[in-house]
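Asker: Contents of coords.pdb (PDB, C-alpha atoms) are below:
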```
ATOM      1  CA  LYS A  27     -11.780  -5.079 -13.013
ATOM      2  CA  GLN A  28     -11.629  -4.781  -9.263
ATOM      3  CA  GLU A  29     -12.336  -1.303  -7.935
ATOM      4  CA  VAL A  30     -12.023  -0.270  -4.318
ATOM      5  CA  THR A  31     -13.861   2.762  -2.989
ATOM      6  CA  GLN A  32     -13.562   4.415   0.388
ATOM      7  CA  ILE A  33     -16.114   6.715   1.944
ATOM      8  CA  PRO A  34     -15.838   9.328   3.276
ATOM      9  CA  ALA A  35     -12.769  10.850   1.657
ATOM     10  CA  ALA A  36     -12.187  12.966   4.743
ATOM     11  CA  LEU A  37     -13.547  12.993   8.266
ATOM     12  CA  SER A  38     -13.075  15.345  11.205
ATOM     13  CA  VAL A  39     -14.330  14.346  14.644
ATOM     14  CA  PRO A  40     -13.809  15.492  18.236
ATOM     15  CA  GLU A  41     -11.710  13.358  20.507
ATOM     16  CA  GLY A  42     -13.567  10.494  22.170
ATOM     17  CA  GLU A  43     -16.019   9.780  19.395
ATOM     18  CA  ASN A  44     -16.548   6.334  17.953
ATOM     19  CA  LEU A  45     -16.322   6.319  14.177
ATOM     20  CA  VAL A  46     -16.729   4.073  11.171
ATOM     21  CA  LEU A  47     -14.765   4.094   7.938
ATOM     22  CA  ASN A  48     -16.197   2.351   4.916
ATOM     23  CA  CYS A  49     -14.610   0.375   2.116
ATOM     24  CA  SER A  50     -16.399  -1.258  -0.804
ATOM     25  CA  PHE A  51     -15.100  -3.455  -3.602
ATOM     26  CA  THR A  52     -16.695  -4.559  -6.847
ATOM     27  CA  ASP A  53     -15.365  -8.117  -7.201
ATOM     28  CA  SER A  54     -16.266 -10.407  -4.311
ATOM     29  CA  ALA A  55     -13.638 -13.004  -5.317
ATOM     30  CA  ILE A  56     -11.100 -11.678  -2.859
ATOM     31  CA  TYR A  57      -8.475 -13.609  -0.932
ATOM     32  CA  ASN A  58      -8.227 -11.101   1.891
ATOM     33  CA  LEU A  59      -8.706  -7.481   2.821
ATOM     34  CA  GLN A  60      -6.316  -5.279   4.777
ATOM     35  CA  TRP A  61      -6.650  -1.966   6.509
ATOM     36  CA  PHE A  62      -3.578   0.259   6.604
ATOM     37  CA  ARG A  63      -2.711   3.528   8.243
ATOM     38  CA  GLN A  64      -0.530   6.099   6.489
ATOM     39  CA  ASP A  65       1.069   8.980   8.351
ATOM     40  CA  PRO A  66       2.550  11.957   6.466
ATOM     41  CA  GLY A  67       6.106  11.281   5.393
ATOM     42  CA  LYS A  68       5.910   7.677   6.482
ATOM     43  CA  GLY A  69       5.022   4.400   4.895
ATOM     44  CA  LEU A  70       1.954   2.301   5.453
ATOM     45  CA  THR A  71       1.364   0.401   8.641
ATOM     46  CA  SER A  72      -0.815  -2.687   8.499
ATOM     47  CA  LEU A  73      -3.609  -2.504  11.069
ATOM     48  CA  LEU A  74      -5.773  -5.519  10.414
ATOM     49  CA  LEU A  75      -5.900  -8.322   7.846
ATOM     50  CA  ILE A  76      -9.130 -10.249   7.325
ATOM     51  CA  GLN A  77      -9.075 -13.485   5.372
ATOM     52  CA  SER A  78     -12.018 -14.057   3.045
ATOM     53  CA  SER A  79     -13.340 -16.786   5.335
ATOM     54  CA  GLN A  80     -13.430 -14.454   8.332
ATOM     55  CA  ARG A  81     -16.098 -11.958   9.339
ATOM     56  CA  GLU A  82     -14.082  -9.634  11.536
ATOM     57  CA  GLN A  83     -10.777  -8.933  13.213
ATOM     58  CA  THR A  84     -10.070  -6.903  16.322
ATOM     59  CA  SER A  85      -6.966  -5.172  17.611
ATOM     60  CA  GLY A  86      -7.271  -2.906  20.617
ATOM     61  CA  ARG A  87      -9.702  -0.089  19.796
ATOM     62  CA  LEU A  88      -9.946  -1.188  16.174
ATOM     63  CA  ASN A  89     -12.456  -3.612  14.743
ATOM     64  CA  ALA A  90     -12.717  -4.473  11.076
ATOM     65  CA  SER A  91     -15.605  -6.385   9.567
ATOM     66  CA  LEU A  92     -15.916  -8.037   6.197
ATOM     67  CA  ASP A  93     -19.055  -8.866   4.231
ATOM     68  CA  LYS A  94     -17.635 -10.526   1.169
ATOM     69  CA  SER A  95     -20.944 -11.170  -0.551
ATOM     70  CA  SER A  96     -21.951  -7.522  -0.466
ATOM     71  CA  GLY A  97     -18.435  -6.269  -1.176
ATOM     72  CA  ARG A  98     -18.078  -4.208   1.971
ATOM     73  CA  SER A  99     -15.743  -3.743   4.886
ATOM     74  CA  THR A 100     -15.881  -1.328   7.777
ATOM     75  CA  LEU A 101     -13.198  -0.165  10.163
ATOM     76  CA  TYR A 102     -14.573   0.825  13.536
ATOM     77  CA  ILE A 103     -12.426   3.001  15.778
ATOM     78  CA  ALA A 104     -13.569   3.284  19.369
ATOM     79  CA  ALA A 105     -12.888   6.276  21.610
ATOM     80  CA  SER A 106     -10.883   8.133  19.000
ATOM     81  CA  GLN A 107      -7.717   9.995  20.003
ATOM     82  CA  PRO A 108      -5.733  12.768  18.291
ATOM     83  CA  GLY A 109      -3.008  10.206  17.656
ATOM     84  CA  ASP A 110      -5.439   8.353  15.405
ATOM     85  CA  SER A 111      -5.243  11.207  12.898
ATOM     86  CA  ALA A 112      -3.899   9.741   9.655
ATOM     87  CA  THR A 113      -5.040   8.453   6.287
ATOM     88  CA  TYR A 114      -6.666   5.032   6.423
ATOM     89  CA  LEU A 115      -6.421   2.803   3.369
ATOM     90  CA  CYS A 116      -8.128  -0.453   2.619
ATOM     91  CA  ALA A 117      -6.719  -2.910   0.123
ATOM     92  CA  VAL A 118      -7.986  -6.184  -1.307
ATOM     93  CA  ARG A 119      -6.119  -9.095  -2.764
ATOM     94  CA  LEU A 120      -7.876 -11.139  -5.413
ATOM     95  CA  ASP A 121      -7.968 -14.931  -5.259
ATOM     96  CA  SER A 122      -5.738 -15.257  -8.263
ATOM     97  CA  SER A 123      -3.176 -12.586  -7.491
ATOM     98  CA  TYR A 124      -0.765 -11.342  -4.889
ATOM     99  CA  LYS A 125      -1.254  -7.727  -5.913
ATOM    100  CA  LEU A 126      -2.975  -5.420  -3.491
ATOM    101  CA  ILE A 127      -5.619  -3.117  -4.954
ATOM    102  CA  PHE A 128      -5.990  -0.017  -2.834
ATOM    103  CA  GLY A 129      -8.774   2.443  -2.223
ATOM    104  CA  SER A 130      -7.979   6.137  -2.293
ATOM    105  CA  GLY A 131      -8.173   6.430   1.477
ATOM    106  CA  THR A 132     -10.027   8.319   4.193
ATOM    107  CA  ARG A 133      -8.198  11.250   5.801
ATOM    108  CA  LEU A 134      -9.103  11.292   9.478
ATOM    109  CA  LEU A 135      -8.589  14.235  11.803
ATOM    110  CA  VAL A 136      -9.355  13.773  15.479
ATOM    111  CA  ARG A 137      -9.584  17.179  17.176
ATOM    112  CA  PRO A 138      -8.428  17.511  20.808
TER     113      PRO A 138
ATOM    114  CA  GLY B  11      14.256  -4.565  14.563
ATOM    115  CA  ALA B  12      14.933  -2.630  11.379
ATOM    116  CA  GLY B  13      12.042  -2.118   9.044
ATOM    117  CA  VAL B  14      11.999  -1.581   5.305
ATOM    118  CA  SER B  15      14.247   1.294   4.318
ATOM    119  CA  GLN B  16      14.261   3.318   1.134
ATOM    120  CA  SER B  17      16.657   5.837  -0.311
ATOM    121  CA  PRO B  18      16.714   8.598  -1.174
ATOM    122  CA  SER B  19      13.777   9.918   0.815
ATOM    123  CA  ASN B  20      13.351  12.746  -1.684
ATOM    124  CA  LYS B  21      14.584  13.134  -5.234
ATOM    125  CA  VAL B  22      14.230  16.108  -7.546
ATOM    126  CA  THR B  23      15.310  15.590 -11.133
ATOM    127  CA  GLU B  24      14.977  17.208 -14.504
ATOM    128  CA  LYS B  25      12.799  15.811 -17.232
ATOM    129  CA  GLY B  26      14.731  13.349 -19.340
ATOM    130  CA  LYS B  27      17.187  12.270 -16.665
ATOM    131  CA  ASP B  28      17.414   8.722 -15.284
ATOM    132  CA  VAL B  29      16.804   7.994 -11.582
ATOM    133  CA  GLU B  30      17.434   5.012  -9.348
ATOM    134  CA  LEU B  31      15.423   4.307  -6.227
ATOM    135  CA  ARG B  32      16.645   1.818  -3.654
ATOM    136  CA  CYS B  33      14.794  -0.495  -1.290
ATOM    137  CA  ASP B  34      16.264  -2.539   1.557
ATOM    138  CA  PRO B  35      13.672  -5.080   2.713
ATOM    139  CA  ILE B  36      13.427  -6.574   6.162
ATOM    140  CA  SER B  37      16.090  -9.224   6.582
ATOM    141  CA  GLY B  38      14.771 -12.662   5.761
ATOM    142  CA  HIS B  39      11.751 -11.456   3.836
ATOM    143  CA  THR B  40      11.490 -13.372   0.597
ATOM    144  CA  ALA B  41       8.884 -11.253  -1.175
ATOM    145  CA  LEU B  42       9.376  -7.640  -2.281
ATOM    146  CA  TYR B  43       6.884  -5.276  -3.886
ATOM    147  CA  TRP B  44       7.060  -1.821  -5.482
ATOM    148  CA  TYR B  45       4.037   0.508  -5.545
ATOM    149  CA  ARG B  46       3.487   4.053  -6.781
ATOM    150  CA  GLN B  47       1.265   6.652  -5.130
ATOM    151  CA  SER B  48       0.467   9.601  -7.356
ATOM    152  CA  LEU B  49      -1.140  12.809  -6.138
ATOM    153  CA  GLY B  50      -4.865  12.324  -5.918
ATOM    154  CA  GLN B  51      -4.681   8.659  -6.816
ATOM    155  CA  GLY B  52      -4.459   5.483  -4.848
ATOM    156  CA  LEU B  53      -1.490   3.213  -4.637
ATOM    157  CA  GLU B  54      -0.855   1.174  -7.740
ATOM    158  CA  PHE B  55       1.143  -2.018  -7.950
ATOM    159  CA  LEU B  56       4.292  -1.911 -10.069
ATOM    160  CA  ILE B  57       6.331  -5.091  -9.653
ATOM    161  CA  TYR B  58       6.701  -8.147  -7.403
ATOM    162  CA  PHE B  59       9.778 -10.262  -6.629
ATOM    163  CA  GLN B  60       9.621 -13.648  -4.941
ATOM    164  CA  GLY B  61      12.839 -15.528  -4.229
ATOM    165  CA  ASN B  62      14.548 -16.642  -7.405
ATOM    166  CA  SER B  63      11.373 -16.706  -9.449
ATOM    167  CA  ALA B  64      10.888 -14.438 -12.429
ATOM    168  CA  PRO B  65       9.409 -11.136 -11.219
ATOM    169  CA  ASP B  66       5.886 -10.069 -12.080
ATOM    170  CA  LYS B  67       6.397  -6.832 -14.008
ATOM    171  CA  SER B  68       2.811  -6.467 -15.122
ATOM    172  CA  GLY B  69       2.266  -3.225 -13.210
ATOM    173  CA  LEU B  70       5.136  -1.284 -14.729
ATOM    174  CA  PRO B  71       3.574   1.619 -16.663
ATOM    175  CA  SER B  72       6.076   1.731 -19.519
ATOM    176  CA  ASP B  73       9.357   0.291 -20.738
ATOM    177  CA  ARG B  74      11.128   3.253 -19.155
ATOM    178  CA  PHE B  75      10.576   1.523 -15.831
ATOM    179  CA  SER B  76      12.664  -1.438 -14.732
ATOM    180  CA  ALA B  77      13.612  -3.071 -11.463
ATOM    181  CA  GLU B  78      16.018  -5.655 -10.216
ATOM    182  CA  ARG B  79      16.649  -7.445  -6.989
ATOM    183  CA  THR B  80      20.179  -8.545  -6.280
ATOM    184  CA  GLY B  81      20.944 -11.552  -4.115
ATOM    185  CA  GLY B  82      17.335 -11.829  -3.065
ATOM    186  CA  SER B  83      17.650  -8.736  -0.911
ATOM    187  CA  VAL B  84      18.142  -5.142  -2.038
ATOM    188  CA  SER B  85      16.044  -3.904  -4.945
ATOM    189  CA  THR B  86      16.533  -0.975  -7.298
ATOM    190  CA  LEU B  87      13.765   0.652  -9.319
ATOM    191  CA  THR B  88      15.104   2.547 -12.315
ATOM    192  CA  ILE B  89      13.174   5.120 -14.306
ATOM    193  CA  GLN B  90      14.793   6.168 -17.560
ATOM    194  CA  ARG B  91      14.140   9.444 -19.351
ATOM    195  CA  THR B  92      11.869  10.681 -16.571
ATOM    196  CA  GLN B  93       8.675  12.531 -17.419
ATOM    197  CA  GLN B  94       6.682  14.932 -15.270
ATOM    198  CA  GLU B  95       3.920  12.361 -14.877
ATOM    199  CA  ASP B  96       6.433  10.104 -13.123
ATOM    200  CA  SER B  97       6.299  12.448 -10.116
ATOM    201  CA  ALA B  98       4.914  10.404  -7.249
ATOM    202  CA  VAL B  99       5.800   8.623  -4.044
ATOM    203  CA  TYR B 100       7.365   5.246  -4.737
ATOM    204  CA  LEU B 101       6.777   2.751  -1.952
ATOM    205  CA  CYS B 102       8.523  -0.535  -1.367
ATOM    206  CA  ALA B 103       7.158  -3.357   0.771
ATOM    207  CA  SER B 104       8.365  -6.774   1.815
ATOM    208  CA  SER B 105       6.719  -9.809   3.326
ATOM    209  CA  LEU B 106       8.111 -12.773   5.197
ATOM    210  CA  VAL B 107       6.617 -15.368   2.953
ATOM    211  CA  PRO B 108       5.013 -15.348  -0.471
ATOM    212  CA  SER B 109       1.517 -14.075  -0.844
ATOM    213  CA  GLY B 110      -0.995 -16.816  -0.387
ATOM    214  CA  THR B 111      -0.111 -17.666   3.171
ATOM    215  CA  LEU B 112      -1.428 -16.372   6.436
ATOM    216  CA  GLN B 113       1.817 -14.568   7.201
ATOM    217  CA  GLU B 114       1.793 -12.455   4.088
ATOM    218  CA  THR B 115       1.376  -9.072   5.770
ATOM    219  CA  GLN B 116       3.306  -6.544   3.742
ATOM    220  CA  TYR B 117       5.574  -4.139   5.620
ATOM    221  CA  PHE B 118       6.066  -0.827   3.884
ATOM    222  CA  GLY B 119       9.016   1.519   3.747
ATOM    223  CA  PRO B 120       8.671   5.312   4.114
ATOM    224  CA  GLY B 121       8.786   5.861   0.379
ATOM    225  CA  THR B 122      10.797   7.984  -2.010
ATOM    226  CA  ARG B 123       9.186  11.238  -3.119
ATOM    227  CA  LEU B 124      10.146  11.853  -6.730
ATOM    228  CA  LEU B 125       9.608  15.228  -8.358
ATOM    229  CA  VAL B 126      10.353  15.609 -12.042
ATOM    230  CA  LEU B 127      10.695  19.226 -13.128
TER     231      LEU B 127
END
```
Rewrite the structure of this file - the entire thing - as structure tokens.

Answerer:
Amino acid sequence: KQEVTQIPAALSVPEGENLVLNCSFTDSAIYNLQWFRQDPGKGLTSLLLIQSSQREQTSGRLNASLDKSSGRSTLYIAASQPGDSATYLCAVRLDSSYKLIFGSGTRLLVRP
Amino acid sequence: GAGVSQSPSNKVTEKGKDVELRCDPISGHTALYWYRQSLGQGLEFLIYFQGNSAPDKSGLPSDRFSAERTGGSVSTLTIQRTQQEDSAVYLCASSLVPSGTLQETQYFGPGTRLLVL
């Protein structure tokens, strides 16, 4: 059974810092991995999607890497801003399924 | 353009009552998903609709839960005889094309917060 774990559960940093969020999964037979952002009272917003054949994806200040063999992904946020404060979720899709399996998230607070 | 919308945004009900949650996907999106996010737990998949194909109901937690999608667009999730453990945020998502393609990014609605007293 695929399990997705995110560390840390919560993170508080001062504005301007670079930071890394971690995601690990137990079954390496994934089709892709996505990073989402969830703001209070709002739905999820897809940030980056990495196909299993890819090593990383970049969008603005965000960079996500994928090491399928070791079952790990990281989300790197450069020059963090208070507006980055949110819960960040990673989710994997298995080769044989369209279901997304989510981690429990990392709650990020960027202090002005 | 309009994103995925859900109604109601909040619902408080008494144990034993039935509730209906509505999802309006993005126009033209063929795939629709329901997820549940319980306090302290991650999101869990409930059900998946794709076009006219039979839905995948494998994530529904009990036979009190059912969902339908009319005309390939709007979907309704129904919970019968609600229990306190049904309290959660119910999220709907849609994607342009079926999962398995490069354009399968799921777009999520704001969710319906259900509280069963």

Asker: Run through the PyMOL selection byres ((chain A and resi 61-64) around 6) on the given coordinates and return the selected residues as a short mmCIF file (atom, residue, chain, number, x, y, z; two decimals) with C-alpha atoms, in the frame of the given file.

Answerer:
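Wrote out.cif, looks like this:
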```
data_model
loop_
_atom_site.label_atom_id
_atom_site.label_comp_id
_atom_site.auth_asym_id
_atom_site.auth_seq_id
_atom_site.Cartn_x
_atom_site.Cartn_y
_atom_site.Cartn_z
CA GLN A 60 -6.32 -5.28 4.78
CA ASP A 65 1.07 8.98 8.35
CA LEU A 70 1.95 2.30 5.45
CA THR A 71 1.36 0.40 8.64
CA SER A 72 -0.82 -2.69 8.50
CA LEU A 73 -3.61 -2.50 11.07
CA LEU A 74 -5.77 -5.52 10.41
CA ALA A 112 -3.90 9.74 9.65
CA THR A 113 -5.04 8.45 6.29
CA TYR A 114 -6.67 5.03 6.42
CA LEU A 115 -6.42 2.80 3.37
CA CYS A 116 -8.13 -0.45 2.62
#
```

Asker: Which is closest to Leu47 of chain A among A:Thr31, A:Ser78, A:Thr100, A:Ser91, if we use only C-alpha atoms?

Answerer: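 Closest residue, counting only C-alpha atoms: A:Thr100.
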
Asker: As a check of understanding, name the residues that the PyMOL selection byres ((chain A and resi 82-85) around 12) selects in the supplied structure, as JSON, numbers by chain.

Answerer: {"A": [58, 59, 60, 61, 72, 73, 74, 75, 76, 77, 78, 79, 80, 81, 86, 87, 88, 89, 90, 91, 92, 93, 94, 98, 99, 100, 101, 102, 103, 104]}

Asker: Residues of chain A within 8 Å of chain B, counting all atoms listed in the file - could you list those as a PDB file with C-alpha atoms, in the coordinates of the input?

Answerer:
```pdb
ATOM      1  CA  GLY A  67       6.106  11.281   5.393  1.00  0.00           C
ATOM      2  CA  LYS A  68       5.910   7.677   6.482  1.00  0.00           C
ATOM      3  CA  GLY A  69       5.022   4.400   4.895  1.00  0.00           C
ATOM      4  CA  LEU A  70       1.954   2.301   5.453  1.00  0.00           C
ATOM      5  CA  THR A  71       1.364   0.401   8.641  1.00  0.00           C
ATOM      6  CA  SER A  72      -0.815  -2.687   8.499  1.00  0.00           C
ATOM      7  CA  LEU A  75      -5.900  -8.322   7.846  1.00  0.00           C
ATOM      8  CA  TYR A 124      -0.765 -11.342  -4.889  1.00  0.00           C
ATOM      9  CA  LYS A 125      -1.254  -7.727  -5.913  1.00  0.00           C
ATOM     10  CA  LEU A 126      -2.975  -5.420  -3.491  1.00  0.00           C
ATOM     11  CA  ILE A 127      -5.619  -3.117  -4.954  1.00  0.00           C
ATOM     12  CA  PHE A 128      -5.990  -0.017  -2.834  1.00  0.00           C
ATOM     13  CA  GLY A 129      -8.774   2.443  -2.223  1.00  0.00           C
ATOM     14  CA  SER A 130      -7.979   6.137  -2.293  1.00  0.00           C
ATOM     15  CA  GLY A 131      -8.173   6.430   1.477  1.00  0.00           C
TER      16      GLY A 131
END
```

Asker: One decimal, in Å: what's the spacing between atom CA of Leu127 of chain B and atom CA of Gln16 of chain B?

Answerer: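 Rounded to one decimal, the two atoms are 21.7 Å apart.
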
Asker: To test your reading of the syntax: which residues would the PyMOL selection byres ((chain B and resi 25-34) around 7) return for the file shown? Reply as a short mmCIF file (atom, residue, chain, number, x, y, z; two decimals) with C-alpha atoms, in the coordinates of the input.

Answerer:
```
data_model
loop_
_atom_site.label_atom_id
_atom_site.label_comp_id
_atom_site.auth_asym_id
_atom_site.auth_seq_id
_atom_site.Cartn_x
_atom_site.Cartn_y
_atom_site.Cartn_z
CA VAL B 14 12.00 -1.58 5.30
CA SER B 15 14.25 1.29 4.32
CA GLN B 16 14.26 3.32 1.13
CA SER B 17 16.66 5.84 -0.31
CA PRO B 18 16.71 8.60 -1.17
CA THR B 23 15.31 15.59 -11.13
CA GLU B 24 14.98 17.21 -14.50
CA PRO B 35 13.67 -5.08 2.71
CA ILE B 36 13.43 -6.57 6.16
CA SER B 83 17.65 -8.74 -0.91
CA VAL B 84 18.14 -5.14 -2.04
CA SER B 85 16.04 -3.90 -4.94
CA THR B 86 16.53 -0.98 -7.30
CA LEU B 87 13.76 0.65 -9.32
CA THR B 88 15.10 2.55 -12.32
CA ILE B 89 13.17 5.12 -14.31
CA GLN B 90 14.79 6.17 -17.56
CA ARG B 91 14.14 9.44 -19.35
CA THR B 92 11.87 10.68 -16.57
CA GLN B 93 8.68 12.53 -17.42
CA GLN B 94 6.68 14.93 -15.27
CA CYS B 102 8.52 -0.54 -1.37
CA VAL B 126 10.35 15.61 -12.04
CA LEU B 127 10.70 19.23 -13.13
#
```

Asker: Excluding Asp53 of chain A and any residue of its chain fewer than 2 positions from it, enumerate the residues within 8 Å of it, using all atoms listed in the file, and give them as a count of residues only.

Answerer: 7

Asker: Atom CA of Gly109 of chain A to atom CA of Leu37 of chain A: how many Å, to one decimal?

Answerer: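 Result for atom CA of Gly109 of chain A versus atom CA of Leu37 of chain A: 14.4 Å, one decimal.
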
Asker: Check the smallest atom-to-atom distance from each of B:Ser104, B:Leu124, B:Ala41, B:Asn62 to Gly13 of chain B using all atoms listed in the file, then report the winner.

Answerer: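 When distances to Gly13 of chain B are compared using all atoms listed in the file, the smallest one comes from B:Ser104.
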
Asker: Measure the distance from atom CA of Pro66 of chain A to atom CA of Leu106 of chain B in Å and round it to one decimal.

Answerer: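 Computed distance, atom CA of Pro66 of chain A to atom CA of Leu106 of chain B, equals 25.4 Å.
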
Asker: Which centre and edge lengths in Å to one decimal define the box along x, y and z that fits every listed atom of segment 40-51 of chain B plus 4 Å per side, as AutoDock Vina command-line options?

Answerer:
```
--center_x 3.3 --center_y -0.3 --center_z -3.4 --size_x 24.4 --size_y 34.2 --size_z 16.0
```

Asker: Could I see segment 18-43 of chain B restored to N, CA and C atoms, set down as a PDB file, in the frame of the given file?

Answerer:
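Everything below was put into part20.pdb:
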```
ATOM      1  N   PRO B  18      16.773   7.491  -2.119  1.00  0.00           N
ATOM      2  CA  PRO B  18      16.714   8.598  -1.174  1.00  0.00           C
ATOM      3  C   PRO B  18      15.290   8.808  -0.664  1.00  0.00           C
ATOM      4  N   SER B  19      15.122   9.626   0.332  1.00  0.00           N
ATOM      5  CA  SER B  19      13.777   9.918   0.815  1.00  0.00           C
ATOM      6  C   SER B  19      13.082  10.908  -0.113  1.00  0.00           C
ATOM      7  N   ASN B  20      13.867  11.777  -0.720  1.00  0.00           N
ATOM      8  CA  ASN B  20      13.351  12.746  -1.684  1.00  0.00           C
ATOM      9  C   ASN B  20      14.317  12.836  -2.861  1.00  0.00           C
ATOM     10  N   LYS B  21      13.756  13.008  -4.040  1.00  0.00           N
ATOM     11  CA  LYS B  21      14.584  13.134  -5.234  1.00  0.00           C
ATOM     12  C   LYS B  21      13.917  14.123  -6.182  1.00  0.00           C
ATOM     13  N   VAL B  22      14.686  15.152  -6.550  1.00  0.00           N
ATOM     14  CA  VAL B  22      14.230  16.108  -7.546  1.00  0.00           C
ATOM     15  C   VAL B  22      15.127  15.948  -8.759  1.00  0.00           C
ATOM     16  N   THR B  23      14.541  15.797  -9.925  1.00  0.00           N
ATOM     17  CA  THR B  23      15.310  15.590 -11.133  1.00  0.00           C
ATOM     18  C   THR B  23      14.702  16.375 -12.281  1.00  0.00           C
ATOM     19  N   GLU B  24      15.460  16.509 -13.318  1.00  0.00           N
ATOM     20  CA  GLU B  24      14.977  17.208 -14.504  1.00  0.00           C
ATOM     21  C   GLU B  24      14.394  16.206 -15.488  1.00  0.00           C
ATOM     22  N   LYS B  25      13.404  16.639 -16.193  1.00  0.00           N
ATOM     23  CA  LYS B  25      12.799  15.811 -17.232  1.00  0.00           C
ATOM     24  C   LYS B  25      13.872  15.271 -18.168  1.00  0.00           C
ATOM     25  N   GLY B  26      13.786  13.978 -18.431  1.00  0.00           N
ATOM     26  CA  GLY B  26      14.731  13.349 -19.340  1.00  0.00           C
ATOM     27  C   GLY B  26      15.895  12.638 -18.657  1.00  0.00           C
ATOM     28  N   LYS B  27      16.097  12.931 -17.374  1.00  0.00           N
ATOM     29  CA  LYS B  27      17.187  12.270 -16.665  1.00  0.00           C
ATOM     30  C   LYS B  27      16.736  10.896 -16.153  1.00  0.00           C
ATOM     31  N   ASP B  28      17.704  10.026 -15.869  1.00  0.00           N
ATOM     32  CA  ASP B  28      17.414   8.722 -15.284  1.00  0.00           C
ATOM     33  C   ASP B  28      17.530   8.820 -13.759  1.00  0.00           C
ATOM     34  N   VAL B  29      16.714   8.038 -13.037  1.00  0.00           N
ATOM     35  CA  VAL B  29      16.804   7.994 -11.582  1.00  0.00           C
ATOM     36  C   VAL B  29      16.789   6.547 -11.109  1.00  0.00           C
ATOM     37  N   GLU B  30      17.435   6.329  -9.978  1.00  0.00           N
ATOM     38  CA  GLU B  30      17.434   5.012  -9.348  1.00  0.00           C
ATOM     39  C   GLU B  30      16.933   5.157  -7.921  1.00  0.00           C
ATOM     40  N   LEU B  31      15.983   4.315  -7.573  1.00  0.00           N
ATOM     41  CA  LEU B  31      15.423   4.307  -6.227  1.00  0.00           C
ATOM     42  C   LEU B  31      15.770   2.961  -5.588  1.00  0.00           C
ATOM     43  N   ARG B  32      16.152   3.024  -4.321  1.00  0.00           N
ATOM     44  CA  ARG B  32      16.645   1.818  -3.654  1.00  0.00           C
ATOM     45  C   ARG B  32      15.710   1.380  -2.532  1.00  0.00           C
ATOM     46  N   CYS B  33      15.606   0.072  -2.362  1.00  0.00           N
ATOM     47  CA  CYS B  33      14.794  -0.495  -1.290  1.00  0.00           C
ATOM     48  C   CYS B  33      15.582  -1.590  -0.582  1.00  0.00           C
ATOM     49  N   ASP B  34      15.674  -1.488   0.733  1.00  0.00           N
ATOM     50  CA  ASP B  34      16.264  -2.539   1.557  1.00  0.00           C
ATOM     51  C   ASP B  34      15.144  -3.208   2.345  1.00  0.00           C
ATOM     52  N   PRO B  35      14.787  -4.427   2.006  1.00  0.00           N
ATOM     53  CA  PRO B  35      13.672  -5.080   2.713  1.00  0.00           C
ATOM     54  C   PRO B  35      14.099  -5.547   4.096  1.00  0.00           C
ATOM     55  N   ILE B  36      13.131  -5.992   4.859  1.00  0.00           N
ATOM     56  CA  ILE B  36      13.427  -6.574   6.162  1.00  0.00           C
ATOM     57  C   ILE B  36      14.207  -7.868   5.947  1.00  0.00           C
ATOM     58  N   SER B  37      15.241  -8.048   6.737  1.00  0.00           N
ATOM     59  CA  SER B  37      16.090  -9.224   6.582  1.00  0.00           C
ATOM     60  C   SER B  37      15.272 -10.505   6.699  1.00  0.00           C
ATOM     61  N   GLY B  38      15.471 -11.377   5.728  1.00  0.00           N
ATOM     62  CA  GLY B  38      14.771 -12.662   5.761  1.00  0.00           C
ATOM     63  C   GLY B  38      13.466 -12.674   5.001  1.00  0.00           C
ATOM     64  N   HIS B  39      12.987 -11.507   4.605  1.00  0.00           N
ATOM     65  CA  HIS B  39      11.751 -11.456   3.836  1.00  0.00           C
ATOM     66  C   HIS B  39      12.035 -11.883   2.395  1.00  0.00           C
ATOM     67  N   THR B  40      11.222 -12.826   1.919  1.00  0.00           N
ATOM     68  CA  THR B  40      11.490 -13.372   0.597  1.00  0.00           C
ATOM     69  C   THR B  40      10.758 -12.619  -0.514  1.00  0.00           C
ATOM     70  N   ALA B  41       9.690 -11.945  -0.165  1.00  0.00           N
ATOM     71  CA  ALA B  41       8.884 -11.253  -1.175  1.00  0.00           C
ATOM     72  C   ALA B  41       9.104  -9.751  -1.080  1.00  0.00           C
ATOM     73  N   LEU B  42       9.166  -9.086  -2.227  1.00  0.00           N
ATOM     74  CA  LEU B  42       9.376  -7.640  -2.281  1.00  0.00           C
ATOM     75  C   LEU B  42       8.475  -7.041  -3.348  1.00  0.00           C
ATOM     76  N   TYR B  43       7.859  -5.918  -3.012  1.00  0.00           N
ATOM     77  CA  TYR B  43       6.884  -5.276  -3.886  1.00  0.00           C
ATOM     78  C   TYR B  43       7.266  -3.807  -4.063  1.00  0.00           C
TER      79      TYR B  43
END
```
